[in-house]
Every structure is written in C-alpha cells, then in structure tokens.
Amino acid sequence: MKSIQPGLTILALLVLVAPLQAEPVKLWETAGFKGPESALPVAAEGFVYVSNVAGKPTEKNGNGFISKVALADGKIIELEWAKGMNAPKGLALADGLLYTSDIDKLVAIDTRTGKIAARYAAAGAKFLNDVTADNSGRVYVSDSGTSAIWRLADGKFEKWLESKDLNNVNGLLAQGDKLIIAPWGKGREDGSAEPARLLMVSLKDKTVRPLGDGAPIGNLDGVEPFDALNYLVTEFMGGGLYHVNISGAAELMIDLDQSSADIGYIPATHIVLIPMLRKDKLLAYRLK
C-alpha cells in the first residue's frame with residue numbers, strides 16, 4: 001500500500017483513490033502540422049497555440065513556427081501565425097507575451113501581432129524544451145540536454161538550476177511554490193533512456209525530490225494539473241496519457257501511438273489537447 005502524505009483530509013484521500021468516472025471521449029483530430037510539439041489552449045478566446053518543430057529538433061533551419069487552431073472543432077485558423085524560429089517546443093503565456101523555447105534561445109512573441117518581440121540566449125544550453133510561467137510572471141525553461149532549468153526574471157535570462165537529480169528534465173509546470181518536473185530519464189548506452197517518474201523542485205530553496213513513491217512511468221514529456229491533487233502526464237516513447245496522483249501512482253488514461261508530446265488542458269471543460277509530434281496531428285479529448 002502506498003504511504004499517505006501527512007495532513008491529507010479524508011476528502012483528499014477519496015480524491016486520491018477514486019477511479020476516473022468516465023472513459024475519455026475523442027472530440028476531434030486535426031492533421032497538417034509539421035512536428036507539433038506543444039499545445040497551449042486560450043479557452044477565453046477559443047483557440048489553441050501549437051508549436052511546430054518543422055524539421056530536426058536541434059536543427060537551426062529557420063523553418064519552425066507557431067499555429068493557431070480553433071478549440072471548438074480543431075480547424076486550423078492560421079498554420080504559420082508566428083514564424084522566424086528554428087525548432088520551437090514548449091509554450092507559456094506571461095504579461096501579454098507568448099514564450100517558446102528554440103534550441104538555445106527563449107523567444108518572446110507579441111500575442112497581438114505574432115511578431116517576435118525578443119530573443120534571450122542561453123549560453124551552453126543544448127536542448128531547451130518545455131516552458132512554464134509562475135504567478136509572478138517569471139518564465140522557466142527546461143534544458144533536457146544538460147539537466148538544467150533556466151529562468152527569465154526582471155529581464156534577465158540565466159541558468160537557475162543544474163542538477164543530475166533533474167534526470168534530463170523535460171516537462172515543466174509552475175504550481176504555487178514549486179515546479180513539477182516530468183523527466184525524460186537517464187540515457188542508456190544504446191541511445192534509449194531509463195523510465196522516469198515525476199519530481200518536485202522548491203522555488204524557495206531549489207531542492208529536488210520525487211513526487212510520492214510511485215514506480216517510474218516512462219520517458220515523460222508534458223505535465224498539466226488535472227485538479228488540486230492529480231496530474232496529467234504524457235509518455236513520449238511508449239505513447240500515452242497518464243493520470244498521476246500526489247502519491248506518484250500512475251494510471252493510463254489514453255493509449256496512444258509513440259510521440260505524444262507536450263499537452264494543454266482546460267480544467268473547466270476537462271478538455272486535453274495532445275500533439276502527436278511524429279504523426280503531424282493534434283488530438284482533443286474530453287476526460288470526464
């Protein structure tokens with residue numbers, strides 16, 4: 001039996017152990033992207049931002065772009081809404097700007113025009129990946145190539161934390177006083193990676209620790225809050241969307257093909273957006 005964290009109420013325990021109430025329902029599927037890596041819904045305006053790698057993930061070819069997609073039916077509003085990037089991946093909104101990682105730079109895009117407003121270089125970064133913003137507008141970026149996290153704060157972009165304990169950090173989620181980390185996992189000699197489980201990083205003192213004591217899940221990519229005590233996580237190499245509770249226990253919700261990447265989620269409507277990077281598709285499901 002899993003150990004229970006102290007301080008949990010009876011209601012919280014019920015939330016932890018309660019099964020999901022309904023099977024996910026597929027709402028739509030849209031093709032026509034070029035290596036879609038991240039989906040960021042803007043529910044109030046009825047659309048989704050989708051980053052397109054458009055080539056090799058470390059290739060500086062100038063082909064990368066951001067799409068806008070209708071949330072209601074998946075219709076592509078504008079395929080190349082923002083251009084001039086190499087291989088954009090993670091997405092986050094802060095202070096009227098859309099931020100995306102681009103190999104060794106953080107790119108800020110004006111949401112009114114789709115024009116690039118700024119680029120922030122990350123000297124020594126190898127594979128900038130996911131992006132998240134905290135409640136104060138500080139932007140965090142994972143570097144999966146060096147197990148590091150960079151931070152943009154007060155106009156200064158610098159390495160915030162580098163540690164092997166980050167386990168080739170991929171997905172990031174700023175949540176209150178912590179970051180939730182979805183790691184890719186330690187590399188093996190054959191080029192594959194060991195399975196990983198979710199981690200937590202304190203924003204106050206930068207300590208890294210596992211989220212609960214659950215077993216490793218796989219090579220993790222996107223992570224979003226399902227509710228106060230649970231998370232949605234994608235596993236890239238095996239393919240799938242997982243429900244993970246705060247004790248670390250994981251349940252497969254949707255079995256998908258390989259390359260399920262950085263998800264977006266709308267709690268009010270329980271809609272999850274899943275980019276399928278190697279299939280050039282974006283999927284939408286209602287979870288309950």
# chains A, B, ... in the order shown; residues from 1 in each chain; ligands from 1
$ closest_atom_pairs --of "range 10-102 of chain A" --to "range 152-174 of chain A" --cutoff "12 Å" --atoms "only C-alpha atoms" --output "CSV"
residue,atom,partner,partner_atom,distance
A:Glu37,CA,A:Gly171,CA,11.5
A:Ser38,CA,A:Gly171,CA,10.3
A:Lys89,CA,A:Gly171,CA,10.6
A:Gly90,CA,A:Gly171,CA,8.3
A:Leu91,CA,A:Leu172,CA,10.3
A:Ala92,CA,A:Leu173,CA,10.0
A:Ala94,CA,A:Leu152,CA,10.9
A:Asp95,CA,A:Asp154,CA,11.9
A:Tyr99,CA,A:Leu152,CA,10.4
A:Ser101,CA,A:Asn170,CA,11.8
$ select_by_dssp --residues "range 165-255 of chain A" --states "strand (DSSP E or B)" --output "VMD selection string"
chain A and resid 169 to 175 178 to 183 187 193 196 199 to 202 208 to 210 218 220 to 227 230 to 235 240 to 245 250 to 255
$ write_last_selection --atoms "C-alpha atoms" --output "mmCIF file, in the first residue's frame"
data_model
loop_
_atom_site.group_PDB
_atom_site.id
_atom_site.type_symbol
_atom_site.label_atom_id
_atom_site.label_comp_id
_atom_site.auth_asym_id
_atom_site.auth_seq_id
_atom_site.Cartn_x
_atom_site.Cartn_y
_atom_site.Cartn_z
ATOM 1 C CA VAL A 169 14.207 17.377 -17.221
ATOM 2 C CA ASN A 170 11.589 17.694 -19.965
ATOM 3 C CA GLY A 171 8.108 18.887 -18.922
ATOM 4 C CA LEU A 172 7.671 21.816 -16.514
ATOM 5 C CA LEU A 173 4.701 23.063 -14.522
ATOM 6 C CA ALA A 174 4.887 26.041 -12.168
ATOM 7 C CA GLN A 175 2.422 25.401 -9.358
ATOM 8 C CA LYS A 178 7.103 24.577 -6.630
ATOM 9 C CA LEU A 179 7.859 23.261 -10.081
ATOM 10 C CA ILE A 180 6.509 19.876 -11.112
ATOM 11 C CA ILE A 181 9.032 18.124 -13.336
ATOM 12 C CA ALA A 182 8.351 15.463 -15.981
ATOM 13 C CA PRO A 183 11.816 13.995 -16.693
ATOM 14 C CA GLY A 187 20.280 7.927 -21.003
ATOM 15 C CA ALA A 193 16.523 6.294 -21.696
ATOM 16 C CA ALA A 196 11.315 8.242 -15.031
ATOM 17 C CA LEU A 199 9.705 15.235 -9.478
ATOM 18 C CA MET A 200 9.143 18.417 -7.493
ATOM 19 C CA VAL A 201 11.502 21.393 -7.164
ATOM 20 C CA SER A 202 11.072 24.007 -4.461
ATOM 21 C CA VAL A 208 14.633 18.328 -5.823
ATOM 22 C CA ARG A 209 12.616 15.343 -4.648
ATOM 23 C CA PRO A 210 10.312 12.711 -6.124
ATOM 24 C CA GLY A 218 8.420 6.117 -18.797
ATOM 25 C CA LEU A 220 7.902 11.752 -19.776
ATOM 26 C CA ASP A 221 7.023 14.858 -21.761
ATOM 27 C CA GLY A 222 4.079 17.140 -20.937
ATOM 28 C CA VAL A 223 2.623 17.711 -17.465
ATOM 29 C CA GLU A 224 -0.529 19.633 -16.523
ATOM 30 C CA PRO A 225 -2.653 19.856 -13.338
ATOM 31 C CA PHE A 226 -5.759 17.665 -13.543
ATOM 32 C CA ASP A 227 -7.026 19.048 -10.231
ATOM 33 C CA ASN A 230 -3.604 14.963 -9.539
ATOM 34 C CA TYR A 231 -1.692 15.498 -12.778
ATOM 35 C CA LEU A 232 -1.918 14.632 -16.452
ATOM 36 C CA VAL A 233 1.339 13.405 -17.979
ATOM 37 C CA THR A 234 2.315 12.209 -21.441
ATOM 38 C CA GLU A 235 4.817 9.419 -22.065
ATOM 39 C CA GLY A 240 0.051 7.548 -23.769
ATOM 40 C CA LEU A 241 -1.683 9.973 -21.449
ATOM 41 C CA TYR A 242 -1.404 9.150 -17.740
ATOM 42 C CA HIS A 243 -3.249 10.269 -14.630
ATOM 43 C CA VAL A 244 -0.755 10.606 -11.741
ATOM 44 C CA ASN A 245 -1.757 11.380 -8.156
ATOM 45 C CA ALA A 250 0.026 6.368 -12.326
ATOM 46 C CA GLU A 251 -2.960 5.165 -14.360
ATOM 47 C CA LEU A 252 -3.028 5.013 -18.161
ATOM 48 C CA MET A 253 -5.984 7.065 -19.390
ATOM 49 C CA ILE A 254 -5.476 7.028 -23.168
ATOM 50 C CA ASP A 255 -3.283 4.570 -25.041
#
$ closest_residue --among "A:Asp73, A:Asp257, A:Asp262, A:Asp130" --to "Pro275 in chain A" --atoms "only C-alpha atoms"
A:Asp262
$ closest_residue --among "A:Lys206, A:Arg197, A:His270, A:Lys115" --to "Leu287 in chain A" --atoms "only C-alpha atoms"
A:His270
$ residues_around --residues "Leu93 in chain A" --least-positions-apart "3" --cutoff "8 Å" --atoms "only C-alpha atoms" --output "list of chain:residue names"
A:Gly96, A:Leu97, A:Leu98, A:Tyr99, A:Thr132, A:Ala133
$ write_last_selection --atoms "C-alpha atoms" --output "compact mmCIF listing (two decimals), in the first residue's frame"
# COMPACT_ATOMS: atom_id res chain seq x y z
CA GLY A 96 0.87 39.57 -22.80
CA LEU A 97 3.68 37.61 -24.46
CA LEU A 98 3.83 34.06 -25.75
CA TYR A 99 7.12 32.39 -24.85
CA THR A 132 6.17 27.50 -17.87
CA ALA A 133 5.44 30.75 -16.01
$ closest_residue --among "A:Asp134, A:Glu23, A:Glu189, A:Glu194" --to "Gly176 in chain A" --atoms "only C-alpha atoms"
A:Asp134
$ closest_atom_pairs --of "range 178-282 of chain A" --to "range 41-50 of chain A" --cutoff "12 Å" --atoms "only C-alpha atoms" --output "CSV"
residue,atom,partner,partner_atom,distance
A:Glu224,CA,A:Pro41,CA,11.9
A:Ala261,CA,A:Val50,CA,11.2
A:Asp262,CA,A:Val50,CA,9.8
A:Ile263,CA,A:Pro41,CA,9.4
A:Gly264,CA,A:Pro41,CA,6.1
A:Tyr265,CA,A:Pro41,CA,7.1
A:Ile266,CA,A:Ala43,CA,7.2
A:Pro267,CA,A:Ala43,CA,10.1
A:Ala268,CA,A:Ala43,CA,9.3
A:Thr269,CA,A:Ala43,CA,9.4
A:His270,CA,A:Ala43,CA,11.4
A:Ile271,CA,A:Pro41,CA,9.6
A:Val272,CA,A:Pro41,CA,9.0
A:Leu273,CA,A:Pro41,CA,7.8
A:Ile274,CA,A:Val50,CA,10.0
A:Pro275,CA,A:Val50,CA,8.0
A:Met276,CA,A:Val50,CA,11.1
A:Leu277,CA,A:Val50,CA,10.8
A:Asp280,CA,A:Val50,CA,11.1
A:Lys281,CA,A:Val50,CA,10.3
A:Leu282,CA,A:Val50,CA,8.5
$ residues_around --residues "range 60-66 of chain A" --least-positions-apart "5" --cutoff "7 Å" --atoms "only C-alpha atoms" --output "ChimeraX atom specification"
/A:49-54,80-88
$ atom_distance --atom1 "CA of Gly137 in chain A" --atom2 "CA of Gly114 in chain A"
19.8 Å
$ atom_distance --atom1 "CA of Asp102 in chain A" --atom2 "CA of Ala148 in chain A"
15.2 Å
